[in-house]
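See below for model.cif, which holds mmCIF, C-alpha atoms.
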```
data_entry
#
loop_
_atom_site.label_atom_id
_atom_site.label_comp_id
_atom_site.auth_asym_id
_atom_site.auth_seq_id
_atom_site.Cartn_x
_atom_site.Cartn_y
_atom_site.Cartn_z
CA MET A 946 -10.45 24.36 -14.60
CA SER A 947 -8.94 22.01 -12.07
CA LEU A 948 -8.66 18.27 -12.53
CA SER A 949 -10.85 16.10 -10.35
CA LEU A 950 -9.56 12.94 -8.71
CA HIS A 951 -12.21 11.08 -10.70
CA SER A 952 -10.77 12.27 -14.00
CA VAL A 953 -7.16 11.80 -12.92
CA LEU A 954 -7.72 8.33 -11.55
CA VAL A 955 -10.86 6.67 -12.86
CA THR A 956 -10.97 8.12 -16.37
CA SER A 957 -7.25 7.77 -17.04
CA HIS A 958 -7.11 4.22 -15.68
CA ALA A 959 -10.08 3.08 -17.75
CA ARG A 960 -8.42 4.56 -20.83
CA MET A 961 -5.10 2.82 -20.19
CA LEU A 962 -6.87 -0.46 -19.45
CA ARG A 963 -8.57 -0.18 -22.87
CA ASN A 964 -5.12 0.38 -24.37
CA ILE A 965 -3.95 -2.81 -22.66
CA LEU A 966 -6.90 -4.66 -24.20
CA SER A 967 -5.68 -3.56 -27.64
CA TRP A 968 -2.18 -4.77 -26.75
CA LEU A 969 -3.63 -8.16 -25.88
CA ASP A 970 -5.36 -8.23 -29.28
CA LYS A 971 -2.01 -7.57 -30.93
CA ALA A 972 -0.36 -10.21 -28.75
CA GLN A 973 -2.96 -12.78 -29.83
CA ALA A 974 -2.48 -11.81 -33.49
CA HIS A 975 1.29 -12.12 -33.04
CA ALA A 976 0.94 -15.58 -31.50
CA ASP A 977 -1.43 -16.66 -34.26
CA ALA A 978 0.95 -15.39 -36.97
CA LYS A 979 3.84 -17.30 -35.38
CA SER A 980 1.68 -20.41 -34.80
CA THR A 981 2.44 -20.30 -31.09
CA ASP A 982 0.16 -20.46 -28.09
CA SER A 983 -0.64 -17.08 -26.56
CA VAL A 984 -0.39 -18.58 -23.06
CA ASP A 985 3.37 -18.46 -23.65
CA TYR A 986 3.17 -14.73 -22.84
CA LEU A 987 1.87 -15.33 -19.31
CA PRO A 988 5.15 -16.43 -17.66
CA LEU A 989 7.24 -13.73 -19.39
CA ARG A 990 9.52 -11.59 -17.24
CA LEU A 991 12.45 -9.31 -17.97
CA ALA A 992 14.45 -10.31 -14.91
CA PRO A 993 14.41 -13.46 -12.77
CA ASP A 994 13.20 -11.64 -9.66
CA MET A 995 10.28 -9.78 -11.25
CA LEU A 996 6.66 -10.83 -11.38
CA ALA A 997 5.52 -12.50 -14.60
CA PHE A 998 3.28 -10.94 -17.26
CA ASP A 999 0.07 -12.45 -15.87
CA LYS A 1000 0.79 -11.04 -12.39
CA GLN A 1001 1.56 -7.61 -13.87
CA ALA A 1002 -1.91 -7.66 -15.47
CA LEU A 1003 -3.51 -8.76 -12.20
CA ILE A 1004 -1.77 -5.99 -10.26
CA VAL A 1005 -2.61 -3.21 -12.74
CA CYS A 1006 -6.28 -4.12 -12.30
CA GLU A 1007 -6.09 -4.45 -8.53
CA VAL A 1008 -4.30 -1.11 -8.15
CA ALA A 1009 -6.95 0.62 -10.30
CA LYS A 1010 -9.78 -0.90 -8.26
CA LEU A 1011 -8.06 -0.37 -4.92
CA GLY A 1012 -7.35 3.28 -5.68
CA ALA A 1013 -10.91 3.98 -6.73
CA SER A 1014 -12.33 1.99 -3.83
CA ARG A 1015 -10.22 3.70 -1.19
CA LEU A 1016 -11.09 7.16 -2.54
CA SER A 1017 -14.81 6.53 -2.97
CA GLY A 1018 -15.54 4.13 -0.13
CA VAL A 1019 -17.29 1.84 -2.65
CA GLU A 1020 -16.29 -1.78 -2.18
CA MET A 1021 -14.19 -3.05 -5.06
CA ALA A 1022 -15.36 -5.91 -7.21
CA ALA A 1023 -13.74 -9.26 -6.57
CA SER A 1024 -12.39 -11.37 -9.41
CA ALA A 1025 -12.80 -15.06 -8.74
CA HIS A 1026 -11.01 -16.58 -11.72
CA GLU A 1027 -7.41 -17.44 -12.43
CA ASP A 1028 -5.64 -15.81 -15.34
CA THR A 1029 -4.52 -18.81 -17.37
CA THR A 1030 -5.18 -17.38 -20.85
CA LEU A 1031 -5.14 -14.01 -22.57
CA GLN A 1032 -8.94 -14.25 -22.65
CA HIS A 1033 -8.99 -14.51 -18.85
CA LEU A 1034 -6.81 -11.41 -18.64
CA ARG A 1035 -9.23 -9.63 -21.00
CA GLN A 1036 -12.14 -10.57 -18.74
CA ARG A 1037 -10.33 -9.28 -15.66
CA ILE A 1038 -9.52 -5.99 -17.40
CA GLU A 1039 -13.07 -5.62 -18.72
CA GLN A 1040 -14.46 -6.22 -15.21
CA THR A 1041 -12.10 -3.60 -13.84
CA ILE A 1042 -13.18 -1.07 -16.46
CA ALA A 1043 -16.84 -1.78 -15.63
CA TYR A 1044 -16.17 -1.24 -11.90
CA LEU A 1045 -14.35 2.03 -12.56
CA GLU A 1046 -16.97 3.37 -14.93
CA ALA A 1047 -19.75 2.60 -12.46
CA LEU A 1048 -18.23 5.15 -10.07
CA SER A 1049 -19.57 8.66 -10.47
CA PRO A 1050 -17.45 11.77 -10.04
CA ALA A 1051 -19.52 12.56 -6.94
CA GLN A 1052 -18.61 9.22 -5.35
CA VAL A 1053 -14.89 9.79 -5.86
CA ASP A 1054 -14.57 13.55 -5.54
CA GLY A 1055 -17.31 14.01 -2.94
CA SER A 1056 -16.22 11.24 -0.59
CA ALA A 1057 -15.65 12.21 3.03
CA ILE A 1058 -12.61 9.93 3.19
CA GLN A 1059 -9.62 12.14 3.94
CA GLU A 1060 -6.94 9.72 5.15
CA ILE A 1061 -5.93 6.54 3.38
CA VAL A 1062 -3.81 3.88 5.05
CA VAL A 1063 -1.96 1.34 2.90
CA PRO A 1064 -0.67 -1.67 4.85
CA GLN A 1065 2.86 -2.86 4.02
CA ARG A 1066 4.20 -6.37 4.50
CA GLY A 1067 6.65 -6.31 7.38
CA LYS A 1068 6.78 -2.50 7.45
CA GLU A 1069 4.88 0.38 8.91
CA ALA A 1070 1.70 1.26 7.01
CA LEU A 1071 1.78 4.19 4.60
CA VAL A 1072 -0.59 7.04 5.45
CA PHE A 1073 -1.72 9.50 2.78
CA ASP A 1074 -4.15 12.31 2.29
CA ARG A 1075 -6.35 11.91 -0.82
CA ASN A 1076 -4.06 13.74 -3.23
CA GLY A 1077 -0.91 12.11 -1.88
CA PHE A 1078 -2.50 8.68 -2.23
CA VAL A 1079 -3.21 9.30 -5.91
CA GLN A 1080 0.05 11.09 -6.72
CA ARG A 1081 2.50 9.02 -4.69
CA TRP A 1082 0.97 5.54 -4.56
CA VAL A 1083 -1.84 4.78 -7.03
CA GLN A 1084 -0.61 6.50 -10.20
CA PRO A 1085 3.03 5.36 -9.92
CA ASN A 1086 2.00 1.77 -9.16
CA PHE A 1087 -0.64 1.64 -11.90
CA PHE A 1088 1.60 3.03 -14.62
CA PHE A 1089 4.61 0.99 -13.49
CA HIS A 1090 2.67 -2.24 -14.04
CA ALA A 1091 1.02 -1.00 -17.27
CA THR A 1092 4.43 -0.06 -18.65
CA THR A 1093 5.84 -3.43 -17.63
CA ILE A 1094 3.04 -5.23 -19.52
CA TYR A 1095 3.86 -3.11 -22.58
CA ALA A 1096 7.61 -3.81 -22.25
CA LEU A 1097 7.10 -7.55 -21.87
CA LEU A 1098 4.97 -7.72 -25.01
CA ARG A 1099 7.45 -5.59 -26.95
CA HIS A 1100 10.27 -7.83 -25.75
CA ALA A 1101 8.29 -10.85 -27.00
CA GLY A 1102 8.13 -9.30 -30.47
CA VAL A 1103 4.56 -7.98 -30.43
CA ASP A 1104 4.27 -5.04 -32.83
CA LEU A 1105 3.57 -2.23 -30.35
CA GLY A 1106 4.70 1.36 -30.51
CA LYS A 1107 4.32 4.55 -28.54
CA ALA A 1108 0.97 5.28 -30.21
CA ASP A 1109 -0.31 1.95 -28.83
CA TYR A 1110 0.85 2.88 -25.34
CA LEU A 1111 -0.81 6.29 -25.58
CA GLY A 1112 -3.93 4.94 -27.27
CA ILE A 1113 -3.55 7.31 -30.21
CA HIS A 1114 -4.44 5.80 -33.58
#
```

Here is a file; write its structure as structure tokens.
Amino acid sequence: MSLSLHSVLVTSHARMLRNILSWLDKAQAHADAKSTDSVDYLPLRLAPDMLAFDKQALIVCEVAKLGASRLSGVEMAASAHEDTTLQHLRQRIEQTIAYLEALSPAQVDGSAIQEIVVPQRGKEALVFDRNGFVQRWVQPNFFFHATTIYALLRHAGVDLGKADYLGIH
């Protein structure tokens, strides 16, 4: 049995986004236990030149939607709110999961779209076939930002382990 792009992209991204929701629950519990405000997580970064926690969460959602949208041809859902609390991040992630899960395997796997162009700021656009787009652009970007969210929360003292990352409990 071969893997479909729907299962590789849509199903795996929805699963990881649910894992991230559980990390946010643990982050809120950690903040509550320490009597701190959970918004203190939002500006976290591991290095001065990296994007902060809230932007990592925004990007993980946008990459998931963009990947699915470009493969299926189904316009991606827009998110109109700012992420100023963990609850806002939860809402963004939940909206992203809903968008992904509304896409059928036929929409993703049966799409006639064969070439995907990704514009680059100040550089030549990247051009991919469907598999290359998933393997070389969407998956690496998605999991880079998901892992960064995990690392930032771990660095802040949130009790997360490998089982939390994998979603195995």

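Nearest residue to Asp1054 of chain A, choosing from A:Ala974, A:Ala1002, A:Leu996, A:Ala1013 and counting only C-alpha atoms: A:Ala1013.
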
Subject >> Output of the PyMOL selection byres ((chain A and resi 1091-1107) around 9), listed as a count of residues only >> reply: 32

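Across the chains present, the PyMOL selection byres ((chain A and resi 1057-1072) around 9) applied to this file returns Arg1015, Leu1016, Ser1017, Gly1018, Asp1054, Gly1055, Ser1056, Phe1073, Asp1074, Arg1075, Gly1077 and Phe1078 of chain A.
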
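Taking atom CA of Asp994 of chain A as the reference point, atom CA of Pro1085 of chain A is found at 19.8 Å.
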
Subject >> Residues matched by the PyMOL selection byres ((chain A and resi 1021) around 9) as a list in words >> reply: Glu1007, Lys1010, Leu1011, Ala1013, Ser1014, Arg1015, Gly1018, Val1019, Glu1020, Ala1022, Ala1023 and Tyr1044 of chain A

Original post:
What lies within 10 Å of Thr1030 of chain A using only C-alpha atoms, ignoring chain neighbours under 5 positions off, as a PyMOL selection string?
Top reply: chain A and resi 982-987+999+1035-1036

Selected residues, C-alpha atoms, written as an mmCIF file, keeping the file's coordinate frame, please.
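Listed below is the output, selection07.cif:
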```cif
data_model
loop_
_atom_site.group_PDB
_atom_site.id
_atom_site.type_symbol
_atom_site.label_atom_id
_atom_site.label_comp_id
_atom_site.auth_asym_id
_atom_site.auth_seq_id
_atom_site.Cartn_x
_atom_site.Cartn_y
_atom_site.Cartn_z
ATOM 1 C CA ASP A 982 0.160 -20.460 -28.090
ATOM 2 C CA SER A 983 -0.640 -17.080 -26.560
ATOM 3 C CA VAL A 984 -0.390 -18.580 -23.060
ATOM 4 C CA ASP A 985 3.370 -18.460 -23.650
ATOM 5 C CA TYR A 986 3.170 -14.730 -22.840
ATOM 6 C CA LEU A 987 1.870 -15.330 -19.310
ATOM 7 C CA ASP A 999 0.070 -12.450 -15.870
ATOM 8 C CA ARG A 1035 -9.230 -9.630 -21.000
ATOM 9 C CA GLN A 1036 -12.140 -10.570 -18.740
#
```

**OP:** Tell me, as a PyMOL selection string, which residues lie within 10 Å of Glu1027 of chain A, counting all atoms listed in the file; anything in the same chain fewer than 2 positions away does not count.
**Re:** chain A and resi 999+1003+1024-1025+1029-1030+1033-1034+1037

To box segment 1089-1099 of chain A, take all atoms listed in the file, fit an axis-aligned box, add 4 Å on each side, and give centre and edge lengths in Å to one decimal, as JSON.
```
{"center_x": 4.3, "center_y": -3.4, "center_z": -20.2, "size_x": 14.6, "size_y": 16.7, "size_z": 21.5}
```

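Going from atom CA of Ser1049 of chain A over to atom CA of Leu948 of chain A, you cover 14.7 Å.
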
Original post:
To one decimal place, how far is atom CA of Val1008 of chain A from atom CA of Trp1082 of chain A in Å?
Top reply: 9.2 Å

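Residue nearest Ile1004 of chain A within the list A:Leu954, A:Val1079, A:Ile1038, A:Ala959: A:Ile1038 [criterion: smallest interatomic distance, only C-alpha atoms].
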
Original post:
Of the candidates A:Asn1076, A:Glu1039, A:Pro993, A:Leu1031, which shows the shortest atom-to-atom distance to Val1053 of chain A, using only C-alpha atoms?
Top reply: A:Asn1076

Segment 985-1106 of chain A from the block above, C-alpha atoms, as an mmCIF file, in the first residue's frame, please?
```cif
data_model
loop_
_atom_site.group_PDB
_atom_site.id
_atom_site.type_symbol
_atom_site.label_atom_id
_atom_site.label_comp_id
_atom_site.auth_asym_id
_atom_site.auth_seq_id
_atom_site.Cartn_x
_atom_site.Cartn_y
_atom_site.Cartn_z
ATOM 1 C CA ASP A 985 4.770 35.331 28.897
ATOM 2 C CA TYR A 986 5.335 32.368 26.558
ATOM 3 C CA LEU A 987 4.421 34.359 23.441
ATOM 4 C CA PRO A 988 7.650 36.397 23.089
ATOM 5 C CA LEU A 989 9.937 33.431 23.880
ATOM 6 C CA ARG A 990 12.818 32.728 21.516
ATOM 7 C CA LEU A 991 15.979 30.656 21.770
ATOM 8 C CA ALA A 992 18.158 33.125 19.877
ATOM 9 C CA PRO A 993 17.848 36.879 19.323
ATOM 10 C CA ASP A 994 17.395 36.537 15.556
ATOM 11 C CA MET A 995 14.666 33.879 15.604
ATOM 12 C CA LEU A 996 10.928 34.400 15.453
ATOM 13 C CA ALA A 997 9.103 34.315 18.791
ATOM 14 C CA PHE A 998 6.847 31.518 20.036
ATOM 15 C CA ASP A 999 3.625 33.169 18.822
ATOM 16 C CA LYS A 1000 5.033 33.549 15.293
ATOM 17 C CA GLN A 1001 6.192 29.914 15.289
ATOM 18 C CA ALA A 1002 2.591 28.893 16.041
ATOM 19 C CA LEU A 1003 1.269 31.176 13.314
ATOM 20 C CA ILE A 1004 3.705 29.762 10.762
ATOM 21 C CA VAL A 1005 3.050 26.102 11.610
ATOM 22 C CA CYS A 1006 -0.637 26.738 10.890
ATOM 23 C CA GLU A 1007 -0.012 28.744 7.733
ATOM 24 C CA VAL A 1008 2.368 26.123 6.329
ATOM 25 C CA ALA A 1009 -0.188 23.365 6.974
ATOM 26 C CA LYS A 1010 -2.947 25.344 5.258
ATOM 27 C CA LEU A 1011 -0.740 26.545 2.417
ATOM 28 C CA GLY A 1012 0.491 23.037 1.683
ATOM 29 C CA ALA A 1013 -2.998 21.587 1.610
ATOM 30 C CA SER A 1014 -4.352 24.520 -0.384
ATOM 31 C CA ARG A 1015 -1.638 24.390 -3.030
ATOM 32 C CA LEU A 1016 -2.062 20.628 -3.473
ATOM 33 C CA SER A 1017 -5.859 20.626 -3.557
ATOM 34 C CA GLY A 1018 -6.621 23.962 -5.192
ATOM 35 C CA VAL A 1019 -9.063 24.683 -2.328
ATOM 36 C CA GLU A 1020 -8.655 28.207 -1.009
ATOM 37 C CA MET A 1021 -7.213 28.257 2.481
ATOM 38 C CA ALA A 1022 -9.134 29.715 5.371
ATOM 39 C CA ALA A 1023 -8.058 33.130 6.548
ATOM 40 C CA SER A 1024 -7.491 33.866 10.218
ATOM 41 C CA ALA A 1025 -8.448 37.408 11.111
ATOM 42 C CA HIS A 1026 -7.365 37.595 14.737
ATOM 43 C CA GLU A 1027 -4.095 38.397 16.443
ATOM 44 C CA ASP A 1028 -2.466 35.821 18.662
ATOM 45 C CA THR A 1029 -2.168 37.683 21.954
ATOM 46 C CA THR A 1030 -3.012 34.783 24.294
ATOM 47 C CA LEU A 1031 -2.615 31.018 24.387
ATOM 48 C CA GLN A 1032 -6.373 30.822 23.817
ATOM 49 C CA HIS A 1033 -5.965 32.759 20.557
ATOM 50 C CA LEU A 1034 -3.266 30.311 19.477
ATOM 51 C CA ARG A 1035 -5.625 27.430 20.341
ATOM 52 C CA GLN A 1036 -8.335 28.997 18.171
ATOM 53 C CA ARG A 1037 -5.931 29.407 15.251
ATOM 54 C CA ILE A 1038 -4.794 25.788 15.559
ATOM 55 C CA GLU A 1039 -8.371 24.512 15.866
ATOM 56 C CA GLN A 1040 -9.371 26.488 12.747
ATOM 57 C CA THR A 1041 -6.420 25.010 10.886
ATOM 58 C CA ILE A 1042 -7.378 21.475 11.911
ATOM 59 C CA ALA A 1043 -10.963 22.114 10.762
ATOM 60 C CA TYR A 1044 -9.722 23.380 7.378
ATOM 61 C CA LEU A 1045 -7.459 20.357 6.919
ATOM 62 C CA GLU A 1046 -10.097 17.849 7.934
ATOM 63 C CA ALA A 1047 -12.620 19.363 5.531
ATOM 64 C CA LEU A 1048 -10.373 18.315 2.637
ATOM 65 C CA SER A 1049 -11.115 14.887 1.237
ATOM 66 C CA PRO A 1050 -8.443 12.533 -0.054
ATOM 67 C CA ALA A 1051 -9.919 13.017 -3.538
ATOM 68 C CA GLN A 1052 -9.404 16.785 -3.336
ATOM 69 C CA VAL A 1053 -5.747 16.423 -2.400
ATOM 70 C CA ASP A 1054 -4.729 13.257 -4.227
ATOM 71 C CA GLY A 1055 -6.976 13.749 -7.254
ATOM 72 C CA SER A 1056 -6.094 17.366 -7.935
ATOM 73 C CA ALA A 1057 -4.889 18.187 -11.435
ATOM 74 C CA ILE A 1058 -2.300 20.590 -10.017
ATOM 75 C CA GLN A 1059 1.103 19.266 -11.032
ATOM 76 C CA GLU A 1060 3.448 22.219 -10.546
ATOM 77 C CA ILE A 1061 3.639 24.353 -7.436
ATOM 78 C CA VAL A 1062 5.460 27.673 -7.360
ATOM 79 C CA VAL A 1063 6.536 29.142 -4.023
ATOM 80 C CA PRO A 1064 7.531 32.823 -4.214
ATOM 81 C CA GLN A 1065 10.652 33.857 -2.283
ATOM 82 C CA ARG A 1066 11.400 37.328 -0.958
ATOM 83 C CA GLY A 1067 14.187 38.807 -3.042
ATOM 84 C CA LYS A 1068 14.990 35.465 -4.696
ATOM 85 C CA GLU A 1069 13.837 33.381 -7.588
ATOM 86 C CA ALA A 1070 10.635 31.428 -6.907
ATOM 87 C CA LEU A 1071 10.912 27.752 -6.000
ATOM 88 C CA VAL A 1072 9.216 25.365 -8.429
ATOM 89 C CA PHE A 1073 8.195 21.873 -7.336
ATOM 90 C CA ASP A 1074 6.251 18.908 -8.575
ATOM 91 C CA ARG A 1075 3.625 17.656 -6.090
ATOM 92 C CA ASN A 1076 5.861 15.171 -4.285
ATOM 93 C CA GLY A 1077 8.825 17.539 -4.175
ATOM 94 C CA PHE A 1078 6.628 20.272 -2.714
ATOM 95 C CA VAL A 1079 5.564 17.999 0.132
ATOM 96 C CA GLN A 1080 8.951 16.371 0.729
ATOM 97 C CA ARG A 1081 11.238 19.363 0.296
ATOM 98 C CA TRP A 1082 9.152 22.354 1.353
ATOM 99 C CA VAL A 1083 5.951 21.641 3.311
ATOM 100 C CA GLN A 1084 7.042 18.818 5.622
ATOM 101 C CA PRO A 1085 10.429 20.316 6.575
ATOM 102 C CA ASN A 1086 8.888 23.742 7.228
ATOM 103 C CA PHE A 1087 5.938 22.368 9.185
ATOM 104 C CA PHE A 1088 8.005 20.132 11.440
ATOM 105 C CA PHE A 1089 10.733 22.755 11.895
ATOM 106 C CA HIS A 1090 8.200 25.179 13.382
ATOM 107 C CA ALA A 1091 6.380 22.464 15.378
ATOM 108 C CA THR A 1092 9.691 21.347 16.874
ATOM 109 C CA THR A 1093 10.613 24.938 17.676
ATOM 110 C CA ILE A 1094 7.319 25.406 19.560
ATOM 111 C CA TYR A 1095 8.085 22.233 21.525
ATOM 112 C CA ALA A 1096 11.660 23.374 22.264
ATOM 113 C CA LEU A 1097 10.554 26.814 23.422
ATOM 114 C CA LEU A 1098 8.035 25.342 25.847
ATOM 115 C CA ARG A 1099 10.580 22.831 27.141
ATOM 116 C CA HIS A 1100 13.090 25.642 27.588
ATOM 117 C CA ALA A 1101 10.465 27.565 29.590
ATOM 118 C CA GLY A 1102 10.119 24.614 31.971
ATOM 119 C CA VAL A 1103 6.882 23.107 30.669
ATOM 120 C CA ASP A 1104 6.793 19.385 31.482
ATOM 121 C CA LEU A 1105 6.927 17.933 27.966
ATOM 122 C CA GLY A 1106 8.645 14.791 26.797
#
```
